[in-house]
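Notes follow once the structure below has been shown.
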Amino acid sequence: MKKFFLVSALLLGTLAASAQYMPGKPRKKYAFPKKDEESPYVLNVTKNTDEDAEVEACVTRVAYRPYSELLTEINELKRMNNWADTTYQRRFQQLPAGGQLTVTMYRRGAQNADPAYLSLVAKTKEGKEVLNLQELPGGQGRFWNRDLYMSKRAVPFTKTDAPQDIFLTINDAKTKQNFEYIIKAQ
């Protein structure tokens with residue numbers, strides 16, 4: 001009888017653990033896109049930063065920095081650090097014309113936090129494709145806290161003709177989920 005209870009408790013424990021992580025389960029969406037706390041240019045369409053997502057250990061965040069903000073940063077760094085002109089010119093030439101996207105993912109296990117599982121597609125309101133990356137540069141995630149691992153990648157964004165809303169979809173091949181955002185491109 002003790003063995004029966006032990007086996008049933010073990011079986012229920014494994015079922016409960018596997019129920020938390022269900023690949024292919026679509027993400028819930030907000031009724032109205034929610035402004036991101038960390039990046040004022042990003043609106044979250046899918047609910048992926050709440051407590052449920054942290055319990056599932058499947059959080060993906062996007063931050064956007066426009067060209068003007070990046071230029072201001074290197075000008076201030078030049079002033080504070082007394083950079084030589086060659087250092088400033090090198091940094092200036094590396095600035096992406098459309099700004100920079102930073103994709104951060106939190107997953108359970110270092111092998112699951114590999115950004116190579118992510119693909120990005122950005123489209124305008126008319127449906128014109130602005131950015132299409134089949135996969136981000138790969139690598140293991142680094143330990144972040146408890147049992148989560150974090151990977152962060154910076155992606156140069158393409159320049160738009162005028163300030164407009166760009167609809168960004170990130171597809172995770174490992175979890176088979178889509179994360180949707182609206183980027184207020186400058």
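In the structure tokens, each chain is lettered A, B, ... as it comes, each chain's residues begin at 1, and ligands are numbered from 1 in order of appearance.
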Per residue of segment 86-106 of chain A within 12 Å of segment 126-140 of chain A, note the shortest atom pair and the distance in Å to one decimal, counting only C-alpha atoms, and order the rows by chain and increasing residue number, as CSV.
residue,atom,partner,partner_atom,distance
A:Gly98,CA,A:Val130,CA,10.8
A:Leu101,CA,A:Leu131,CA,11.1
A:Thr102,CA,A:Leu136,CA,11.1
A:Val103,CA,A:Leu136,CA,9.3
A:Thr104,CA,A:Leu136,CA,11.2
A:Met105,CA,A:Gln140,CA,11.3
A:Tyr106,CA,A:Gln140,CA,11.4
Output all heavy atoms for every residue in that selection, as an mmCIF file, in the first residue's frame.
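As a result, selection.cif now contains:
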data_model
loop_
_atom_site.group_PDB
_atom_site.id
_atom_site.type_symbol
_atom_site.label_atom_id
_atom_site.label_comp_id
_atom_site.auth_asym_id
_atom_site.auth_seq_id
_atom_site.Cartn_x
_atom_site.Cartn_y
_atom_site.Cartn_z
ATOM 1 N N GLY A 98 18.667 52.907 -37.763
ATOM 2 C CA GLY A 98 17.280 52.868 -37.319
ATOM 3 C C GLY A 98 17.120 52.678 -35.823
ATOM 4 O O GLY A 98 16.009 52.555 -35.329
ATOM 5 N N LEU A 101 17.331 47.247 -31.243
ATOM 6 C CA LEU A 101 16.429 46.391 -30.475
ATOM 7 C C LEU A 101 17.278 45.536 -29.538
ATOM 8 O O LEU A 101 18.305 45.016 -29.948
ATOM 9 C CB LEU A 101 15.644 45.448 -31.379
ATOM 10 C CG LEU A 101 14.487 45.988 -32.177
ATOM 11 C CD1 LEU A 101 13.888 44.874 -33.022
ATOM 12 C CD2 LEU A 101 13.439 46.573 -31.288
ATOM 13 N N THR A 102 16.828 45.380 -28.319
ATOM 14 C CA THR A 102 17.484 44.468 -27.388
ATOM 15 C C THR A 102 16.454 43.420 -26.996
ATOM 16 O O THR A 102 15.408 43.744 -26.427
ATOM 17 C CB THR A 102 17.988 45.201 -26.140
ATOM 18 O OG1 THR A 102 18.857 46.264 -26.555
ATOM 19 C CG2 THR A 102 18.745 44.270 -25.227
ATOM 20 N N VAL A 103 16.741 42.165 -27.323
ATOM 21 C CA VAL A 103 15.844 41.057 -27.030
ATOM 22 C C VAL A 103 16.422 40.297 -25.841
ATOM 23 O O VAL A 103 17.559 39.843 -25.888
ATOM 24 C CB VAL A 103 15.698 40.120 -28.250
ATOM 25 C CG1 VAL A 103 14.777 38.960 -27.928
ATOM 26 C CG2 VAL A 103 15.200 40.892 -29.450
ATOM 27 N N THR A 104 15.631 40.187 -24.788
ATOM 28 C CA THR A 104 16.051 39.479 -23.585
ATOM 29 C C THR A 104 15.099 38.325 -23.356
ATOM 30 O O THR A 104 13.882 38.504 -23.398
ATOM 31 C CB THR A 104 16.013 40.411 -22.353
ATOM 32 O OG1 THR A 104 16.732 41.604 -22.655
ATOM 33 C CG2 THR A 104 16.613 39.745 -21.141
ATOM 34 N N MET A 105 15.651 37.146 -23.128
ATOM 35 C CA MET A 105 14.810 35.983 -22.864
ATOM 36 C C MET A 105 15.230 35.339 -21.551
ATOM 37 O O MET A 105 16.409 35.264 -21.230
ATOM 38 C CB MET A 105 14.866 34.982 -24.014
ATOM 39 C CG MET A 105 16.200 34.343 -24.254
ATOM 40 S SD MET A 105 16.297 33.315 -25.732
ATOM 41 C CE MET A 105 15.162 32.025 -25.396
ATOM 42 N N TYR A 106 14.230 34.908 -20.788
ATOM 43 C CA TYR A 106 14.437 34.181 -19.540
ATOM 44 C C TYR A 106 13.794 32.811 -19.702
ATOM 45 O O TYR A 106 12.629 32.709 -20.044
ATOM 46 C CB TYR A 106 13.779 34.903 -18.366
ATOM 47 C CG TYR A 106 14.273 36.306 -18.155
ATOM 48 C CD1 TYR A 106 13.598 37.389 -18.695
ATOM 49 C CD2 TYR A 106 15.416 36.545 -17.409
ATOM 50 C CE1 TYR A 106 14.045 38.683 -18.493
ATOM 51 C CE2 TYR A 106 15.867 37.829 -17.205
ATOM 52 C CZ TYR A 106 15.188 38.893 -17.753
ATOM 53 O OH TYR A 106 15.638 40.171 -17.559
#
What lies within 12 Å of Val59 of chain A using only C-alpha atoms, ignoring chain neighbours under 6 positions off, as a ChimeraX atom specification?
-> /A:27,46-53,103-108,112-113,148-152,170,172,175,177-179
What is the atom CA of Gln93 of chain A-atom CA of Lys159 of chain A distance in Å, reported with one decimal?
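So the answer is 14.9 Å.
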Can you tell me, as a tab-separated table (two decimals) with N, CA and C atoms, in the first residue's frame, what residues are no more than 9 Å from segment 65-70 of chain A when counting only C-alpha atoms, ignoring any on the same chain fewer than 4 positions away?
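Output saved as part.tsv:
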chain	number	residue	atom	x	y	z
A	39	SER	N	11.01	50.25	-21.45
A	39	SER	CA	11.25	50.93	-22.72
A	39	SER	C	10.00	51.72	-23.12
A	41	TYR	N	9.27	53.13	-25.80
A	41	TYR	CA	8.93	52.99	-27.22
A	41	TYR	C	8.28	51.65	-27.55
A	74	ILE	N	26.66	58.30	-26.91
A	74	ILE	CA	28.08	58.31	-27.23
A	74	ILE	C	28.68	59.71	-27.15
A	75	ASN	N	27.87	60.75	-27.39
A	75	ASN	CA	28.36	62.13	-27.21
A	75	ASN	C	28.68	62.39	-25.74
A	95	LEU	N	26.96	52.89	-35.01
A	95	LEU	CA	25.56	53.15	-34.65
A	95	LEU	C	24.63	52.68	-35.76
A	96	PRO	N	23.61	51.87	-35.42
A	96	PRO	CA	22.63	51.48	-36.44
A	96	PRO	C	21.72	52.66	-36.77
A	97	ALA	N	21.45	52.86	-38.05
A	97	ALA	CA	20.70	54.02	-38.52
A	97	ALA	C	19.27	54.06	-37.99
A	98	GLY	N	18.67	52.91	-37.76
A	98	GLY	CA	17.28	52.87	-37.32
A	98	GLY	C	17.12	52.68	-35.82
A	99	GLY	N	18.21	52.62	-35.11
A	99	GLY	CA	18.13	52.38	-33.68
A	99	GLY	C	18.53	50.94	-33.36
A	100	GLN	N	18.24	50.53	-32.16
A	100	GLN	CA	18.68	49.20	-31.71
A	100	GLN	C	17.58	48.51	-30.92
A	101	LEU	N	17.33	47.25	-31.24
A	101	LEU	CA	16.43	46.39	-30.47
A	101	LEU	C	17.28	45.54	-29.54
A	102	THR	N	16.83	45.38	-28.32
A	102	THR	CA	17.48	44.47	-27.39
A	102	THR	C	16.45	43.42	-27.00
A	157	PHE	N	18.30	47.84	-35.82
A	157	PHE	CA	16.97	47.99	-36.41
A	157	PHE	C	17.09	48.79	-37.70
A	159	LYS	N	16.14	51.52	-40.59
A	159	LYS	CA	15.65	52.90	-40.56
A	159	LYS	C	14.31	52.99	-41.29
A	185	ALA	N	8.73	53.30	-33.69
A	185	ALA	CA	10.02	53.61	-34.34
A	185	ALA	C	10.14	55.10	-34.58
A	186	GLN	N	11.33	55.61	-34.37
A	186	GLN	CA	11.61	57.05	-34.54
A	186	GLN	C	12.35	57.29	-35.84
* Asked: Between atom CA of Asp165 of chain A and atom CA of Leu43 of chain A, what is the spacing in Å?
  ->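 These two atoms are separated by 9.9 Å.
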I need the residues of segment 26-96 of chain A that end up classed as helix (DSSP H, G or I) by DSSP on the backbone, written out as a PyMOL selection string. chain A and resi 51-56+67-81+85-93
Shortest contact to Cys58 of chain A, candidates A:Lys25, A:Lys184, A:Lys35, A:Arg142, atoms counted only C-alpha atoms, goes to A:Lys25
Nearest to Tyr30 of chain A, restricted to only C-alpha atoms and choosing among A:Tyr181, A:Ile166, A:Ala84, A:Trp144, comes out as A:Tyr181
